[in-house]
Amino acid sequence: MRKLDYLRINFDDHIVEFPNRFRFVQNNDGTVSLEPDEGEIFQPGTPLNGETFNPMDIMIAKLAEHWNLHESDIVQIKIQQALEGDTKGNSGIFADTFSGDPIRINRETTAAVLTAPRSAGTTVLNVDNTDGFKPFTEVTIYDATNHEDVLITDVTESTVTVQPLQHDYVKGAVIARSNVTIADGRMDNGAWGTYSVMEVV
């Protein structure tokens, strides 16, 4: 394990009897000048010079090098995990429904709910949140009856503007980032629907 040794400087404050005090000085021409009068020094402060700051500069450089090596180690670990997954000897990413999210795969969860019904031809959708939605990306809007894929043209704090809707949608309809299917080497909008699941014992 790499170890960094650093001797603390322990900076001391510069403490004087009367800080920011001045004294009168009689000039030869009869005038009087004010000159800084530091007064009695109770505690000399740590000098701010190269001798003091150079060890800090060296340690910062060592920390940067240490951090880069650490990042390299993390990348190697991630690569090893991706190659092995949950099964030793596996040559690809392994994922199943029992071990949580698979390694190095990000699940898209951007979604919102309509806060008011919308009719066909509508472009502005009032939603409960707009986090993750961006203009010029495709989304799917669906309820229990209809669904369609539309292009976002604008996003505000409470609305998402899309191409004119082709169907009517009830309050509570979902708008979400479109899923995809891959056919003939091309990505296309995926299908939405409901399925019946039967337990087999």
# chains A, B, ... in the order shown; residues from 1 in each chain; ligands from 1
call {"tool": "residues_around", "arguments": {"residues": "A:Pro44", "least_positions_apart": "4", "cutoff": "9 Å", "atoms": "only C-alpha atoms", "output": "PDB file with N, CA and C atoms, in the first residue's frame"}}
result
ATOM      1  N   ASP A  12       1.367  29.378  13.355  1.00  0.00           N
ATOM      2  CA  ASP A  12       1.116  30.228  14.522  1.00  0.00           C
ATOM      3  C   ASP A  12       0.616  31.591  14.074  1.00  0.00           C
ATOM      4  N   ASP A  13      -0.330  32.150  14.815  1.00  0.00           N
ATOM      5  CA  ASP A  13      -0.803  33.504  14.541  1.00  0.00           C
ATOM      6  C   ASP A  13       0.250  34.524  14.970  1.00  0.00           C
ATOM      7  N   HIS A  14       0.261  35.665  14.288  1.00  0.00           N
ATOM      8  CA  HIS A  14       1.140  36.772  14.666  1.00  0.00           C
ATOM      9  C   HIS A  14       0.350  37.690  15.596  1.00  0.00           C
ATOM     10  N   ILE A  15       0.734  37.706  16.875  1.00  0.00           N
ATOM     11  CA  ILE A  15      -0.018  38.448  17.889  1.00  0.00           C
ATOM     12  C   ILE A  15       0.831  39.602  18.414  1.00  0.00           C
ATOM     13  N   VAL A  16       0.281  40.818  18.358  1.00  0.00           N
ATOM     14  CA  VAL A  16       0.976  42.006  18.867  1.00  0.00           C
ATOM     15  C   VAL A  16       0.097  42.701  19.892  1.00  0.00           C
TER      16      VAL A  16
END
call {"tool": "residues_around", "arguments": {"residues": "A:Ser33", "least_positions_apart": "6", "cutoff": "12 Å", "atoms": "only C-alpha atoms", "output": "PyMOL selection string"}}
result
chain A and resi 22-27
call {"tool": "atom_distance", "arguments": {"atom1": "atom CA of A:Thr110", "atom2": "atom CA of A:Met198"}}
result
28.9 Å
call {"tool": "residues_around", "arguments": {"residues": "A:Ile141", "least_positions_apart": "6", "cutoff": "9 Å", "atoms": "only C-alpha atoms", "output": "list in words"}}
result
His147, Glu148, Asp149, Val150, Tyr169, Ala173, Val174, Ile175, Ala176, Arg177 and Ser178 of chain A
call {"tool": "write_last_selection", "arguments": {"atoms": "C-alpha atoms", "output": "PDB file, in the first residue's frame"}}
result
ATOM      1  CA  HIS A 147     -49.566   5.408 -26.404  1.00  0.00           C
ATOM      2  CA  GLU A 148     -47.332   7.252 -28.877  1.00  0.00           C
ATOM      3  CA  ASP A 149     -43.765   8.479 -29.337  1.00  0.00           C
ATOM      4  CA  VAL A 150     -43.188  12.234 -29.615  1.00  0.00           C
ATOM      5  CA  TYR A 169     -54.636  11.100 -22.529  1.00  0.00           C
ATOM      6  CA  ALA A 173     -50.752   9.315 -17.963  1.00  0.00           C
ATOM      7  CA  VAL A 174     -47.018   8.661 -17.972  1.00  0.00           C
ATOM      8  CA  ILE A 175     -44.405  10.405 -20.092  1.00  0.00           C
ATOM      9  CA  ALA A 176     -41.049   8.625 -20.122  1.00  0.00           C
ATOM     10  CA  ARG A 177     -37.859   8.351 -22.116  1.00  0.00           C
ATOM     11  CA  SER A 178     -38.564   6.013 -25.028  1.00  0.00           C
TER      12      SER A 178
END
call {"tool": "residues_around", "arguments": {"residues": "A:Gly121", "least_positions_apart": "4", "cutoff": "12 Å", "atoms": "only C-alpha atoms", "output": "list in words"}}
result
Leu125, Val150, Thr161, Val162, Gln163, Pro164, Leu165, Gln166, His167, Asp168 and Tyr169 of chain A
call {"tool": "atom_distance", "arguments": {"atom1": "atom CA of A:Pro36", "atom2": "atom CA of A:Glu51"}}
result
27.2 Å
call {"tool": "residues_around", "arguments": {"residues": "A:Glu17", "least_positions_apart": "6", "cutoff": "9 Å", "atoms": "only C-alpha atoms", "output": "PyMOL selection string"}}
result
chain A and resi 38-42
call {"tool": "write_last_selection", "arguments": {"atoms": "C-alpha atoms", "output": "mmCIF file, in the first residue's frame"}}
result
data_model
loop_
_atom_site.group_PDB
_atom_site.id
_atom_site.type_symbol
_atom_site.label_atom_id
_atom_site.label_comp_id
_atom_site.auth_asym_id
_atom_site.auth_seq_id
_atom_site.Cartn_x
_atom_site.Cartn_y
_atom_site.Cartn_z
ATOM 1 C CA GLU A 38 3.589 47.454 15.679
ATOM 2 C CA GLY A 39 4.088 47.563 19.398
ATOM 3 C CA GLU A 40 5.215 44.631 21.505
ATOM 4 C CA ILE A 41 5.047 41.255 19.750
ATOM 5 C CA PHE A 42 3.493 38.661 22.046
#
call {"tool": "residues_around", "arguments": {"residues": "A:Thr153", "least_positions_apart": "6", "cutoff": "10 Å", "atoms": "only C-alpha atoms", "output": "MDAnalysis selection string"}}
result
chainID A and resid 123:124 134:138 160:163
call {"tool": "closest_residue", "arguments": {"among": "A:Ser158, A:Glu65, A:Arg21, A:Thr122", "to": "A:Glu35", "atoms": "only C-alpha atoms"}}
result
A:Arg21
call {"tool": "closest_residue", "arguments": {"among": "A:Ile9, A:Val127, A:Val32, A:Val139", "to": "A:Leu151", "atoms": "only C-alpha atoms"}}
result
A:Val139
call {"tool": "closest_residue", "arguments": {"among": "A:Gly45, A:Asn129, A:Asp143, A:Thr31", "to": "A:Glu157", "atoms": "only C-alpha atoms"}}
result
A:Asn129
call {"tool": "atom_distance", "arguments": {"atom1": "atom CA of A:Ile58", "atom2": "atom CA of A:Arg8"}}
result
13.0 Å
call {"tool": "decode", "arguments": {"residues": "stretch 103-147 of chain A", "atoms": "N, CA and C atoms", "output": "compact mmCIF listing (two decimals), in the first residue's frame"}}
result
# COMPACT_ATOMS: atom_id res chain seq x y z
N ILE A 103 -23.46 -4.70 -13.46
CA ILE A 103 -22.29 -3.84 -13.44
C ILE A 103 -22.19 -3.04 -14.73
N ARG A 104 -21.92 -1.74 -14.59
CA ARG A 104 -21.62 -0.86 -15.71
C ARG A 104 -22.78 -0.72 -16.69
N ILE A 105 -24.01 -0.95 -16.25
CA ILE A 105 -25.19 -0.71 -17.08
C ILE A 105 -26.06 0.30 -16.34
N ASN A 106 -26.35 1.42 -16.97
CA ASN A 106 -27.18 2.45 -16.35
C ASN A 106 -28.63 2.27 -16.77
N ARG A 107 -29.52 2.21 -15.81
CA ARG A 107 -30.93 2.04 -16.10
C ARG A 107 -31.58 3.41 -16.26
N GLU A 108 -32.31 3.62 -17.35
CA GLU A 108 -32.97 4.90 -17.62
C GLU A 108 -34.28 4.96 -16.85
N THR A 109 -34.41 5.92 -15.93
CA THR A 109 -35.60 6.02 -15.09
C THR A 109 -36.32 7.35 -15.24
N THR A 110 -35.95 8.16 -16.23
CA THR A 110 -36.58 9.46 -16.41
C THR A 110 -38.05 9.27 -16.77
N ALA A 111 -38.94 9.82 -15.94
CA ALA A 111 -40.38 9.69 -16.18
C ALA A 111 -41.11 10.77 -15.41
N ALA A 112 -42.33 11.08 -15.86
CA ALA A 112 -43.18 12.06 -15.18
C ALA A 112 -44.63 11.67 -15.41
N VAL A 113 -45.52 12.31 -14.65
CA VAL A 113 -46.95 12.01 -14.73
C VAL A 113 -47.70 13.27 -15.11
N LEU A 114 -48.67 13.16 -16.02
CA LEU A 114 -49.49 14.32 -16.40
C LEU A 114 -50.34 14.75 -15.21
N THR A 115 -50.35 16.04 -14.92
CA THR A 115 -51.15 16.57 -13.82
C THR A 115 -52.52 17.05 -14.29
N ALA A 116 -52.77 16.96 -15.59
CA ALA A 116 -54.07 17.34 -16.17
C ALA A 116 -54.26 16.54 -17.45
N PRO A 117 -55.52 16.22 -17.80
CA PRO A 117 -55.76 15.48 -19.05
C PRO A 117 -55.37 16.31 -20.26
N ARG A 118 -55.03 15.64 -21.35
CA ARG A 118 -54.65 16.33 -22.57
C ARG A 118 -55.35 15.69 -23.76
N SER A 119 -55.81 16.57 -24.69
CA SER A 119 -56.54 16.11 -25.87
C SER A 119 -55.60 16.01 -27.06
N ALA A 120 -56.04 15.27 -28.07
CA ALA A 120 -55.28 15.17 -29.31
C ALA A 120 -55.04 16.56 -29.89
N GLY A 121 -53.85 16.80 -30.40
CA GLY A 121 -53.48 18.11 -30.93
C GLY A 121 -52.76 18.99 -29.94
N THR A 122 -52.81 18.63 -28.64
CA THR A 122 -52.13 19.40 -27.60
C THR A 122 -50.61 19.26 -27.75
N THR A 123 -49.88 20.32 -27.41
CA THR A 123 -48.42 20.26 -27.47
C THR A 123 -47.77 20.48 -26.10
N VAL A 124 -48.43 21.21 -25.20
CA VAL A 124 -47.85 21.51 -23.89
C VAL A 124 -48.42 20.54 -22.86
N LEU A 125 -47.55 19.79 -22.21
CA LEU A 125 -47.95 18.80 -21.22
C LEU A 125 -47.56 19.28 -19.83
N ASN A 126 -48.54 19.42 -18.94
CA ASN A 126 -48.25 19.76 -17.55
C ASN A 126 -47.90 18.49 -16.80
N VAL A 127 -46.72 18.47 -16.17
CA VAL A 127 -46.24 17.26 -15.51
C VAL A 127 -45.81 17.56 -14.08
N ASP A 128 -45.66 16.50 -13.30
CA ASP A 128 -45.29 16.68 -11.89
C ASP A 128 -43.81 16.99 -11.71
N ASN A 129 -42.97 16.67 -12.69
CA ASN A 129 -41.56 17.04 -12.64
C ASN A 129 -40.97 16.94 -14.04
N THR A 130 -39.88 17.66 -14.26
CA THR A 130 -39.23 17.65 -15.58
C THR A 130 -37.76 17.23 -15.50
N ASP A 131 -37.37 16.64 -14.38
CA ASP A 131 -35.98 16.23 -14.21
C ASP A 131 -35.60 15.18 -15.25
N GLY A 132 -34.49 15.41 -15.95
CA GLY A 132 -33.97 14.44 -16.91
C GLY A 132 -34.47 14.61 -18.33
N PHE A 133 -35.52 15.42 -18.52
CA PHE A 133 -36.04 15.63 -19.87
C PHE A 133 -35.26 16.74 -20.56
N LYS A 134 -34.95 16.55 -21.84
CA LYS A 134 -34.18 17.52 -22.61
C LYS A 134 -34.83 17.74 -23.97
N PRO A 135 -34.74 18.97 -24.50
CA PRO A 135 -35.27 19.23 -25.84
C PRO A 135 -34.59 18.35 -26.88
N PHE A 136 -35.35 18.02 -27.92
CA PHE A 136 -34.86 17.26 -29.07
C PHE A 136 -34.48 15.82 -28.71
N THR A 137 -35.15 15.28 -27.68
CA THR A 137 -35.06 13.86 -27.38
C THR A 137 -36.46 13.27 -27.46
N GLU A 138 -36.55 11.99 -27.77
CA GLU A 138 -37.85 11.35 -27.92
C GLU A 138 -38.34 10.77 -26.60
N VAL A 139 -39.65 10.87 -26.40
CA VAL A 139 -40.28 10.29 -25.22
C VAL A 139 -41.53 9.54 -25.66
N THR A 140 -42.00 8.69 -24.79
CA THR A 140 -43.24 7.96 -25.02
C THR A 140 -44.27 8.43 -23.99
N ILE A 141 -45.48 8.72 -24.44
CA ILE A 141 -46.57 9.06 -23.54
C ILE A 141 -47.60 7.95 -23.64
N TYR A 142 -48.09 7.48 -22.50
CA TYR A 142 -49.02 6.35 -22.53
C TYR A 142 -49.93 6.36 -21.31
N ASP A 143 -51.13 5.82 -21.50
CA ASP A 143 -52.04 5.54 -20.39
C ASP A 143 -52.62 4.15 -20.63
N ALA A 144 -53.73 3.82 -20.01
CA ALA A 144 -54.28 2.47 -20.14
C ALA A 144 -54.87 2.21 -21.52
N THR A 145 -55.09 3.28 -22.31
CA THR A 145 -55.74 3.12 -23.61
C THR A 145 -54.82 3.38 -24.79
N ASN A 146 -54.07 4.48 -24.73
CA ASN A 146 -53.28 4.91 -25.88
C ASN A 146 -51.79 5.04 -25.53
N HIS A 147 -50.98 5.08 -26.57
CA HIS A 147 -49.57 5.41 -26.40
C HIS A 147 -49.03 5.91 -27.73
